[in-house]
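File shown: start-v1.cif. Contents: mmCIF, C-alpha atoms.
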data_work
loop_
_atom_site.group_PDB
_atom_site.id
_atom_site.type_symbol
_atom_site.label_atom_id
_atom_site.label_comp_id
_atom_site.auth_asym_id
_atom_site.auth_seq_id
_atom_site.Cartn_x
_atom_site.Cartn_y
_atom_site.Cartn_z
ATOM 1 C CA MET A 1 0.000 0.000 0.000
ATOM 2 C CA LEU A 2 2.874 2.364 0.840
ATOM 3 C CA HIS A 3 4.527 1.429 -2.413
ATOM 4 C CA ILE A 4 1.436 2.407 -4.410
ATOM 5 C CA ALA A 5 1.160 5.807 -2.629
ATOM 6 C CA ALA A 6 4.812 6.588 -3.283
ATOM 7 C CA THR A 7 4.368 5.742 -6.918
ATOM 8 C CA ILE A 8 1.329 8.053 -7.225
ATOM 9 C CA THR A 9 3.205 10.912 -5.523
ATOM 10 C CA ALA A 10 6.212 10.559 -7.822
ATOM 11 C CA THR A 11 4.003 10.488 -10.863
ATOM 12 C CA THR A 12 2.129 13.655 -9.763
ATOM 13 C CA SER A 13 5.379 15.546 -9.137
ATOM 14 C CA ALA A 14 6.707 14.612 -12.549
ATOM 15 C CA ALA A 15 3.499 15.780 -14.221
ATOM 16 C CA THR A 16 3.591 19.101 -12.350
ATOM 17 C CA MET A 17 7.193 19.756 -13.349
ATOM 18 C CA ALA A 18 6.385 18.901 -16.945
ATOM 19 C CA MET A 19 3.496 21.343 -16.960
ATOM 20 C CA GLU A 20 5.720 24.106 -15.508
ATOM 21 C CA ARG A 21 8.373 23.472 -18.149
ATOM 22 C CA ASP A 22 5.712 23.644 -20.835
ATOM 23 C CA ARG A 23 4.459 27.003 -19.567
ATOM 24 C CA ALA A 24 8.019 28.347 -19.445
ATOM 25 C CA ASP A 25 8.661 27.152 -22.959
ATOM 26 C CA ARG A 26 5.440 28.786 -24.193
ATOM 27 C CA GLY A 27 6.365 32.094 -22.429
ATOM 28 C CA LEU A 28 9.790 32.102 -24.064
ATOM 29 C CA ALA A 29 8.256 31.383 -27.442
ATOM 30 C CA ASP A 30 5.677 34.117 -26.943
ATOM 31 C CA ALA A 31 8.361 36.635 -25.949
ATOM 32 C CA THR A 32 10.455 35.660 -28.960
ATOM 33 C CA TRP A 33 7.425 36.050 -31.264
ATOM 34 C CA ARG A 34 6.576 39.454 -29.772
ATOM 35 C CA ALA A 35 10.136 40.666 -30.232
ATOM 36 C CA ALA A 36 10.167 39.526 -33.844
ATOM 37 C CA GLU A 37 6.796 41.101 -34.487
ATOM 38 C CA GLU A 38 7.908 44.337 -32.831
ATOM 39 C CA VAL A 39 10.966 44.520 -35.060
ATOM 40 C CA ALA A 40 8.766 43.870 -38.060
ATOM 41 C CA GLY A 41 6.417 46.640 -36.955
ATOM 42 C CA LEU A 42 3.406 44.416 -36.579
ATOM 43 C CA ILE A 43 2.660 45.088 -32.921
ATOM 44 C CA ALA A 44 0.462 48.102 -32.320
ATOM 45 C CA ASP A 45 2.566 49.613 -29.541
ATOM 46 C CA GLY A 46 5.990 48.878 -31.028
ATOM 47 C CA PRO A 47 8.391 51.709 -31.989
ATOM 48 C CA ALA A 48 8.585 50.564 -35.613
ATOM 49 C CA ARG A 49 4.803 50.787 -35.969
ATOM 50 C CA PHE A 50 4.858 54.202 -34.230
ATOM 51 C CA VAL A 51 7.441 55.465 -36.708
ATOM 52 C CA SER A 52 5.610 53.894 -39.637
ATOM 53 C CA ASP A 53 2.380 55.642 -38.639
ATOM 54 C CA GLU A 54 4.199 58.966 -38.321
ATOM 55 C CA ILE A 55 5.741 58.562 -41.770
ATOM 56 C CA ALA A 56 2.314 57.732 -43.224
ATOM 57 C CA ALA A 57 0.851 60.831 -41.549
ATOM 58 C CA LEU A 58 3.670 62.971 -42.944
ATOM 59 C CA MET A 59 3.094 61.644 -46.459
ATOM 60 C CA GLN A 60 -0.641 62.305 -46.123
ATOM 61 C CA ARG A 61 0.118 65.818 -44.900
ATOM 62 C CA ALA A 62 2.406 66.352 -47.868
ATOM 63 C CA ALA A 63 -0.228 65.133 -50.329
ATOM 64 C CA THR A 64 -2.882 67.369 -48.767
ATOM 65 C CA ALA A 65 -0.568 70.383 -48.797
ATOM 66 C CA GLU A 66 0.391 69.754 -52.420
ATOM 67 C CA ALA A 67 -3.280 69.650 -53.403
ATOM 68 C CA GLN A 68 -3.868 72.894 -51.523
ATOM 69 C CA ALA A 69 -0.849 74.488 -53.170
ATOM 70 C CA GLU A 70 -2.176 73.505 -56.579
ATOM 71 C CA ARG A 71 -5.593 75.040 -55.865
ATOM 72 C CA TRP A 72 -4.105 78.253 -54.507
ATOM 73 C CA GLN A 73 -1.809 78.435 -57.510
ATOM 74 C CA GLN A 74 -4.809 78.113 -59.818
ATOM 75 C CA VAL A 75 -6.455 81.052 -58.064
ATOM 76 C CA SER A 76 -3.235 83.060 -58.137
ATOM 77 C CA THR A 77 -2.871 82.494 -61.887
ATOM 78 C CA ALA A 78 -6.521 83.370 -62.475
ATOM 79 C CA LEU A 79 -6.210 86.582 -60.461
ATOM 80 C CA ALA A 80 -3.018 87.520 -62.303
ATOM 81 C CA ASP A 81 -4.800 87.050 -65.641
ATOM 82 C CA LEU A 82 -7.765 89.008 -64.313
ATOM 83 C CA SER A 83 -5.488 91.838 -63.211
ATOM 84 C CA THR A 84 -3.837 91.916 -66.633
ATOM 85 C CA ARG A 85 -7.205 92.121 -68.382
ATOM 86 C CA GLU A 86 -8.490 94.762 -65.966
ATOM 87 C CA THR A 87 -5.336 96.825 -66.475
ATOM 88 C CA ALA A 88 -5.708 96.685 -70.252
ATOM 89 C CA ILE A 89 -9.398 97.606 -70.041
ATOM 90 C CA ARG A 90 -8.695 100.418 -67.584
ATOM 91 C CA GLU A 91 -5.887 101.858 -69.698
ATOM 92 C CA ALA A 92 -8.017 101.766 -72.849
ATOM 93 C CA ALA A 93 -10.946 103.341 -71.020
ATOM 94 C CA ASN A 94 -8.728 106.032 -69.511
ATOM 95 C CA LYS A 95 -7.324 106.839 -72.929
ATOM 96 C CA THR A 96 -10.812 107.127 -74.400
ATOM 97 C CA GLU A 97 -11.909 109.299 -71.477
ATOM 98 C CA ARG A 98 -8.925 111.633 -71.917
ATOM 99 C CA GLN A 99 -9.620 112.007 -75.613
ATOM 100 C CA ALA A 100 -13.317 112.707 -74.980
ATOM 101 C CA ARG A 101 -12.448 115.253 -72.294
ATOM 102 C CA GLN A 102 -9.986 117.032 -74.543
ATOM 103 C CA HIS A 103 -12.550 117.100 -77.344
ATOM 104 C CA ALA A 104 -15.189 118.559 -75.015
ATOM 105 C CA GLU A 105 -12.759 121.212 -73.818
ATOM 106 C CA GLN A 106 -11.899 122.119 -77.410
ATOM 107 C CA VAL A 107 -15.568 122.364 -78.371
ATOM 108 C CA ARG A 108 -16.202 124.595 -75.364
ATOM 109 C CA VAL A 109 -13.439 126.919 -76.507
ATOM 110 C CA GLU A 110 -14.815 126.950 -80.054
ATOM 111 C CA VAL A 111 -18.322 127.769 -78.772
ATOM 112 C CA THR A 112 -17.266 130.266 -76.106
ATOM 113 C CA THR A 113 -14.784 132.415 -78.025
ATOM 114 C CA PRO A 114 -17.111 133.886 -80.668
ATOM 115 C CA LEU A 115 -19.936 134.382 -78.167
ATOM 116 C CA VAL A 116 -17.727 136.263 -75.725
ATOM 117 C CA THR A 117 -16.282 138.353 -78.534
ATOM 118 C CA ALA A 118 -19.759 139.244 -79.820
ATOM 119 C CA ALA A 119 -21.010 140.128 -76.317
ATOM 120 C CA GLN A 120 -17.993 142.323 -75.679
ATOM 121 C CA SER A 121 -18.527 144.113 -78.997
ATOM 122 C CA ALA A 122 -22.235 144.635 -78.259
ATOM 123 C CA LEU A 123 -21.387 145.991 -74.814
ATOM 124 C CA ALA A 124 -18.819 148.385 -76.249
ATOM 125 C CA GLU A 125 -21.273 149.620 -78.886
ATOM 126 C CA TRP A 126 -24.015 150.122 -76.289
ATOM 127 C CA ARG A 127 -21.702 152.056 -74.016
ATOM 128 C CA HIS A 128 -20.520 154.196 -76.942
ATOM 129 C CA ALA A 129 -24.124 154.952 -77.927
ATOM 130 C CA GLU A 130 -25.040 155.829 -74.343
ATOM 131 C CA ALA A 131 -22.037 158.111 -74.072
ATOM 132 C CA ALA A 132 -22.873 159.788 -77.414
ATOM 133 C CA GLU A 133 -26.445 160.444 -76.305
ATOM 134 C CA GLN A 134 -25.237 161.962 -73.066
ATOM 135 C CA THR A 135 -22.712 164.155 -74.857
ATOM 136 C CA ALA A 136 -25.362 165.341 -77.324
ATOM 137 C CA GLY A 137 -27.658 166.256 -74.440
ATOM 138 C CA GLU A 138 -24.942 168.316 -72.832
ATOM 139 C CA GLN A 139 -24.382 170.075 -76.153
ATOM 140 C CA VAL A 140 -28.039 171.079 -76.243
ATOM 141 C CA ARG A 141 -27.838 172.579 -72.781
ATOM 142 C CA SER A 142 -24.601 174.431 -73.448
ATOM 143 C CA SER A 143 -25.229 175.685 -77.015
ATOM 144 C CA SER A 144 -26.205 179.281 -77.896
ATOM 145 C CA TRP A 145 -29.599 180.322 -79.230
ATOM 146 C CA PHE A 146 -28.386 180.164 -82.818
ATOM 147 C CA GLY A 147 -26.836 176.673 -82.417
ATOM 148 C CA LYS A 148 -29.461 175.085 -80.163
ATOM 149 C CA ARG A 149 -31.609 173.780 -83.067
ATOM 150 C CA HIS A 150 -28.667 171.966 -84.596
ATOM 151 C CA ALA A 151 -27.701 170.598 -81.213
ATOM 152 C CA ARG A 152 -31.247 169.325 -80.614
ATOM 153 C CA ASP A 153 -31.208 167.543 -83.984
ATOM 154 C CA GLU A 154 -27.922 165.820 -83.125
ATOM 155 C CA HIS A 155 -29.309 164.899 -79.712
ATOM 156 C CA GLU A 156 -32.388 163.301 -81.224
ATOM 157 C CA GLU A 157 -30.231 161.412 -83.670
ATOM 158 C CA ALA A 158 -27.951 160.167 -80.860
ATOM 159 C CA ARG A 159 -30.964 159.237 -78.745
ATOM 160 C CA ALA A 160 -32.487 157.237 -81.624
ATOM 161 C CA HIS A 161 -29.203 155.445 -82.191
ATOM 162 C CA ALA A 162 -28.906 154.639 -78.477
ATOM 163 C CA ARG A 163 -32.466 153.263 -78.443
ATOM 164 C CA ALA A 164 -31.667 151.093 -81.470
ATOM 165 C CA VAL A 165 -28.484 149.762 -79.897
ATOM 166 C CA ARG A 166 -30.265 149.118 -76.586
ATOM 167 C CA HIS A 167 -33.017 147.266 -78.422
ATOM 168 C CA GLN A 168 -30.431 145.217 -80.279
ATOM 169 C CA VAL A 169 -28.551 144.345 -77.070
ATOM 170 C CA THR A 170 -31.782 143.398 -75.327
ATOM 171 C CA GLY A 171 -32.911 141.221 -78.206
ATOM 172 C CA GLU A 172 -29.566 139.473 -78.558
ATOM 173 C CA TRP A 173 -28.371 139.223 -74.949
ATOM 174 C CA GLY A 174 -31.469 139.643 -72.813
ATOM 175 C CA GLU A 175 -30.722 143.023 -71.288
ATOM 176 C CA PRO A 176 -27.972 145.651 -71.040
ATOM 177 C CA PRO A 177 -25.716 145.679 -68.003
ATOM 178 C CA LYS A 178 -27.333 146.554 -64.703
ATOM 179 C CA TRP A 179 -26.308 149.656 -62.859
ATOM 180 C CA ASN A 180 -22.725 149.362 -61.651
ATOM 181 C CA GLU A 181 -22.378 145.809 -63.092
ATOM 182 C CA ARG A 182 -18.872 144.943 -64.225
ATOM 183 C CA ALA A 183 -18.347 144.309 -67.908
ATOM 184 C CA ASP A 184 -16.819 140.830 -67.408
ATOM 185 C CA ALA A 185 -19.658 139.832 -65.064
ATOM 186 C CA TRP A 186 -22.272 140.920 -67.633
ATOM 187 C CA VAL A 187 -20.481 139.077 -70.438
ATOM 188 C CA GLU A 188 -20.320 135.878 -68.384
ATOM 189 C CA ARG A 189 -23.945 136.210 -67.321
ATOM 190 C CA VAL A 190 -25.363 136.656 -70.826
ATOM 191 C CA THR A 191 -23.089 134.186 -72.639
ATOM 192 C CA LYS A 192 -23.232 131.236 -70.196
ATOM 193 C CA PRO A 193 -26.756 130.063 -71.158
ATOM 194 C CA LYS A 194 -25.889 130.229 -74.858
ATOM 195 C CA ILE A 195 -22.665 128.285 -74.278
ATOM 196 C CA GLU A 196 -24.216 125.558 -72.140
ATOM 197 C CA ASN A 197 -27.177 125.079 -74.515
ATOM 198 C CA ASP A 198 -25.087 124.832 -77.658
ATOM 199 C CA PRO A 199 -25.851 121.455 -79.335
ATOM 200 C CA ARG A 200 -22.186 120.877 -80.191
ATOM 201 C CA LEU A 201 -21.095 121.278 -76.593
ATOM 202 C CA ILE A 202 -23.984 119.169 -75.295
ATOM 203 C CA ALA A 203 -23.005 116.315 -77.611
ATOM 204 C CA ALA A 204 -19.339 116.573 -76.631
ATOM 205 C CA GLU A 205 -20.154 116.625 -72.902
ATOM 206 C CA GLN A 206 -22.436 113.615 -73.238
ATOM 207 C CA ALA A 207 -19.710 111.696 -75.070
ATOM 208 C CA HIS A 208 -17.260 112.583 -72.307
ATOM 209 C CA GLN A 209 -19.676 111.431 -69.614
ATOM 210 C CA ALA A 210 -20.233 108.124 -71.412
ATOM 211 C CA ALA A 211 -16.473 107.584 -71.688
ATOM 212 C CA ARG A 212 -16.034 108.419 -68.005
ATOM 213 C CA ASP A 213 -18.709 105.890 -67.057
ATOM 214 C CA GLU A 214 -16.784 103.175 -68.884
ATOM 215 C CA VAL A 215 -13.722 103.612 -66.677
ATOM 216 C CA PRO A 216 -13.790 100.664 -64.204
ATOM 217 C CA SER A 217 -13.484 102.620 -60.983
ATOM 218 C CA ARG A 218 -16.067 100.910 -58.749
ATOM 219 C CA PRO A 219 -14.415 98.516 -56.264
ATOM 220 C CA GLU A 220 -17.416 96.175 -56.138
ATOM 221 C CA ARG A 221 -16.746 95.153 -59.735
ATOM 222 C CA ALA A 222 -13.224 94.052 -58.865
ATOM 223 C CA GLN A 223 -14.425 92.233 -55.744
ATOM 224 C CA THR A 224 -17.061 90.331 -57.711
ATOM 225 C CA ALA A 225 -14.493 89.235 -60.278
ATOM 226 C CA ARG A 226 -12.062 88.103 -57.557
ATOM 227 C CA LEU A 227 -14.758 86.141 -55.720
ATOM 228 C CA ALA A 228 -15.735 84.438 -58.978
ATOM 229 C CA ALA A 229 -12.114 83.316 -59.448
ATOM 230 C CA PHE A 230 -12.048 81.878 -55.923
ATOM 231 C CA GLY A 231 -15.457 80.255 -56.428
ATOM 232 C CA ARG A 232 -14.357 78.349 -59.530
ATOM 233 C CA VAL A 233 -11.673 76.589 -57.448
ATOM 234 C CA PHE A 234 -13.104 76.340 -53.925
ATOM 235 C CA GLY A 235 -16.848 76.396 -54.640
ATOM 236 C CA ALA A 236 -19.136 79.395 -54.984
ATOM 237 C CA GLU A 237 -21.160 78.725 -51.827
ATOM 238 C CA ARG A 238 -18.110 78.267 -49.628
ATOM 239 C CA VAL A 239 -16.491 81.416 -50.989
ATOM 240 C CA TYR A 240 -19.684 83.424 -50.553
ATOM 241 C CA ARG A 241 -19.960 82.413 -46.884
ATOM 242 C CA ASN A 242 -16.361 83.478 -46.241
ATOM 243 C CA ARG A 243 -15.960 86.211 -48.864
ATOM 244 C CA ASP A 244 -14.165 88.656 -46.544
ATOM 245 C CA ALA A 245 -11.534 86.066 -45.672
ATOM 246 C CA TYR A 246 -10.971 85.158 -49.315
ATOM 247 C CA LEU A 247 -10.758 88.787 -50.427
ATOM 248 C CA SER A 248 -8.165 89.561 -47.758
ATOM 249 C CA THR A 249 -5.900 86.586 -48.487
ATOM 250 C CA ASN A 250 -2.925 86.394 -50.846
ATOM 251 C CA PRO A 251 -3.225 83.268 -53.030
ATOM 252 C CA ALA A 252 0.413 83.363 -54.139
ATOM 253 C CA GLN A 253 1.606 83.401 -50.531
ATOM 254 C CA ARG A 254 -0.833 80.644 -49.596
ATOM 255 C CA ALA A 255 0.390 78.508 -52.495
ATOM 256 C CA GLU A 256 4.016 79.047 -51.479
ATOM 257 C CA SER A 257 3.239 78.247 -47.844
ATOM 258 C CA ALA A 258 1.416 75.023 -48.758
ATOM 259 C CA ALA A 259 4.248 73.984 -51.078
ATOM 260 C CA GLN A 260 6.775 74.546 -48.283
ATOM 261 C CA THR A 261 4.607 72.493 -45.918
ATOM 262 C CA ALA A 262 4.548 69.606 -48.383
ATOM 263 C CA LYS A 263 8.290 69.863 -48.982
ATOM 264 C CA HIS A 264 9.037 69.881 -45.267
ATOM 265 C CA ALA A 265 6.718 66.897 -44.595
ATOM 266 C CA ARG A 266 8.335 64.792 -47.321
ATOM 267 C CA ALA A 267 11.816 65.721 -46.128
ATOM 268 C CA GLU A 268 10.891 64.778 -42.556
ATOM 269 C CA ALA A 269 9.485 61.449 -43.737
ATOM 270 C CA GLU A 270 12.704 60.674 -45.621
ATOM 271 C CA LEU A 271 14.739 61.570 -42.550
ATOM 272 C CA LEU A 272 12.690 59.230 -40.341
ATOM 273 C CA ARG A 273 13.176 56.389 -42.840
ATOM 274 C CA SER A 274 16.931 56.856 -42.603
ATOM 275 C CA LEU A 275 16.976 56.507 -38.794
ATOM 276 C CA THR A 276 16.709 53.471 -36.560
ATOM 277 C CA PRO A 277 13.321 53.023 -34.825
ATOM 278 C CA ALA A 278 14.726 54.318 -31.536
ATOM 279 C CA GLU A 279 16.315 57.355 -33.208
ATOM 280 C CA ALA A 280 13.163 58.028 -35.182
ATOM 281 C CA VAL A 281 10.987 57.883 -32.047
ATOM 282 C CA GLU A 282 13.315 60.349 -30.318
ATOM 283 C CA ARG A 283 13.161 62.651 -33.372
ATOM 284 C CA ILE A 284 9.350 62.497 -33.452
ATOM 285 C CA GLU A 285 8.998 63.264 -29.749
ATOM 286 C CA GLN A 286 11.455 66.161 -30.025
ATOM 287 C CA THR A 287 9.612 67.605 -33.034
ATOM 288 C CA ARG A 288 6.250 67.350 -31.271
ATOM 289 C CA ALA A 289 7.632 69.033 -28.168
ATOM 290 C CA GLU A 290 9.021 71.894 -30.231
ATOM 291 C CA GLN A 291 5.702 72.268 -32.040
ATOM 292 C CA ALA A 292 3.805 72.322 -28.738
ATOM 293 C CA ALA A 293 6.161 75.000 -27.404
ATOM 294 C CA ARG A 294 5.627 77.147 -30.503
ATOM 295 C CA GLU A 295 1.864 76.811 -30.254
ATOM 296 C CA GLU A 296 1.947 77.718 -26.570
ATOM 297 C CA ALA A 297 4.065 80.801 -27.329
ATOM 298 C CA GLN A 298 1.668 81.863 -30.065
ATOM 299 C CA ARG A 299 -1.318 81.380 -27.760
ATOM 300 C CA ALA A 300 0.332 83.448 -25.040
ATOM 301 C CA ALA A 301 1.165 86.211 -27.533
ATOM 302 C CA GLN A 302 -2.416 86.279 -28.756
ATOM 303 C CA GLU A 303 -3.721 86.527 -25.205
ATOM 304 C CA ARG A 304 -1.356 89.425 -24.461
ATOM 305 C CA ALA A 305 -2.445 91.198 -27.633
ATOM 306 C CA SER A 306 -6.110 90.679 -26.737
ATOM 307 C CA ARG A 307 -5.586 92.105 -23.242
ATOM 308 C CA TYR A 308 -3.701 95.069 -24.703
ATOM 309 C CA ASP A 309 -6.462 95.800 -27.227
ATOM 310 C CA TYR A 310 -9.107 95.507 -24.500
ATOM 311 C CA GLY A 311 -7.169 97.883 -22.270
ATOM 312 C CA ARG A 312 -6.823 100.475 -25.039
ATOM 313 C CA GLU A 313 -10.513 100.216 -25.919
ATOM 314 C CA HIS A 314 -11.639 100.707 -22.306
ATOM 315 C CA GLY A 315 -9.000 103.237 -21.304
ATOM 316 C CA HIS A 316 -7.021 100.918 -19.062
ATOM 317 C CA THR A 317 -3.272 101.221 -18.724
ATOM 318 C CA HIS A 318 -0.777 98.749 -17.428
ATOM 319 C CA PRO A 319 0.932 99.696 -14.173
ATOM 320 C CA GLN A 320 4.368 101.233 -14.735
ATOM 321 C CA SER A 321 7.500 100.657 -12.783
ATOM 322 C CA GLY A 322 8.948 103.343 -10.535
ATOM 323 C CA LEU A 323 11.621 104.157 -13.121
ATOM 324 C CA ALA A 324 9.031 104.576 -15.882
ATOM 325 C CA ARG A 325 6.859 106.739 -13.652
ATOM 326 C CA GLY A 326 9.868 108.884 -12.850
ATOM 327 C CA PHE A 327 10.384 109.649 -16.503
#

Let me see the file written as structure tokens.
Amino acid sequence: MLHIAATITATTSAATMAMERDRADRGLADATWRAAEEVAGLIADGPARFVSDEIAALMQRAATAEAQAERWQQVSTALADLSTRETAIREAANKTERQARQHAEQVRVEVTTPLVTAAQSALAEWRHAEAAEQTAGEQVRSSSWFGKRHARDEHEEARAHARAVRHQVTGEWGEPPKWNERADAWVERVTKPKIENDPRLIAAEQAHQAARDEVPSRPERAQTARLAAFGRVFGAERVYRNRDAYLSTNPAQRAESAAQTAKHARAEAELLRSLTPAEAVERIEQTRAEQAAREEAQRAAQERASRYDYGREHGHTHPQSGLARGF
């Protein structure tokens, strides 16, 4: 009976040791498999997979940036062509407007000169007739009894001539000069309506106005054309919702920035491929830390700028040091 119990105990111990060796062997095999898989990059938390994912993200970033650069370049080219066309149209319109203005000015001179000359001549003749009538009247009063009849005849003749000249001036120019009215003021007053109503000048002024209207000077026209160029690339609805942002941006600079982003991402991906997994992980962590520091600095600068703007708007000032207050 004791022999049978000893045999059972020995057998159980042997089985237990065999099972422990089997578990140890399986653990070693599992560790070996995990190490191999980690080197191959097949384990989710392995450094090789971490680096591989980062490289894939960099290549995706480069592809996205290149697509953006291409779209911005399309807009930049379209706006450059638009600017060239607008410049040509504006120059042609300005040239036409200058020619029309010069023609209108020349017509005004051609209309004004003879009218002013005629008015000045009529004024001089009227004044001469008025002076002759006055002189003849004085001759009547100062002549002797024998010469008074002759003087009265000359006075009547001068008076008739003055009436005729006055009638002629009134019919041609509206009325003689008012009392104490300057000659140049009367000439301008009576000739201006005739000048402005001359059909030749009216036609020339209308042509000038039409040419001036053709000059593209309204900013809304240029804005509409620019928005249309953006809309053809990015979508009309999207551009319309954000039209102020699109109008204030520089497509050439955006294209250059996106191209640099793509170039940098591809260069970084190539650098990571050239490093060992451990070196690549260290490079990635360093790059992310630097990026986080830059973003934090930008955020802090924006907050300071916001506080400064708020203080200026509400009349607040930052406390000064004793040295600053002393100055």

Starting from the PyMOL selection byres ((chain A and resi 122) around 9), expand the selection into actual residues of this file and give them as a PyMOL selection string. chain A and resi 117-121+123-127+165+168-169+172-173

For the structure shown, which residues end up in the PyMOL selection byres ((chain A and resi 70-85) around 10)? Put them as a PyMOL selection string, please? chain A and resi 64-69+86-91+222+225-234+250-259

For the selection just defined, write its residues with C-alpha atoms to a file, as a compact mmCIF listing (two decimals), in the frame of the given file.
# COMPACT_ATOMS: atom_id res chain seq x y z
CA THR A 64 -2.88 67.37 -48.77
CA ALA A 65 -0.57 70.38 -48.80
CA GLU A 66 0.39 69.75 -52.42
CA ALA A 67 -3.28 69.65 -53.40
CA GLN A 68 -3.87 72.89 -51.52
CA ALA A 69 -0.85 74.49 -53.17
CA GLU A 86 -8.49 94.76 -65.97
CA THR A 87 -5.34 96.82 -66.47
CA ALA A 88 -5.71 96.68 -70.25
CA ILE A 89 -9.40 97.61 -70.04
CA ARG A 90 -8.70 100.42 -67.58
CA GLU A 91 -5.89 101.86 -69.70
CA ALA A 222 -13.22 94.05 -58.86
CA ALA A 225 -14.49 89.24 -60.28
CA ARG A 226 -12.06 88.10 -57.56
CA LEU A 227 -14.76 86.14 -55.72
CA ALA A 228 -15.74 84.44 -58.98
CA ALA A 229 -12.11 83.32 -59.45
CA PHE A 230 -12.05 81.88 -55.92
CA GLY A 231 -15.46 80.26 -56.43
CA ARG A 232 -14.36 78.35 -59.53
CA VAL A 233 -11.67 76.59 -57.45
CA PHE A 234 -13.10 76.34 -53.92
CA ASN A 250 -2.92 86.39 -50.85
CA PRO A 251 -3.22 83.27 -53.03
CA ALA A 252 0.41 83.36 -54.14
CA GLN A 253 1.61 83.40 -50.53
CA ARG A 254 -0.83 80.64 -49.60
CA ALA A 255 0.39 78.51 -52.50
CA GLU A 256 4.02 79.05 -51.48
CA SER A 257 3.24 78.25 -47.84
CA ALA A 258 1.42 75.02 -48.76
CA ALA A 259 4.25 73.98 -51.08

Selection in question (the file shown): the PyMOL selection byres ((chain A and resi 282-297) around 12). Which residues does it include, as a PyMOL selection string? chain A and resi 47+50-55+57-58+265+268-269+271-281+298-304

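Remark: for A:Gln223, the closest of the candidate residues A:Tyr246, A:Leu115, A:Gly235, A:Glu175 is A:Tyr246 (distances computed over all atoms listed in the file).
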
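The coordinates place atom CA of A:Glu181 at 20.9 Å from atom CA of A:Thr112.
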
Report the distance between atom CA of A:Ala162 and atom CA of A:Ala129 in Å, rounded to one decimal place. 4.8 Å

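Our summary of the geometry notes that atom CA of A:Val239 is positioned 11.2 Å from atom CA of A:Thr224.
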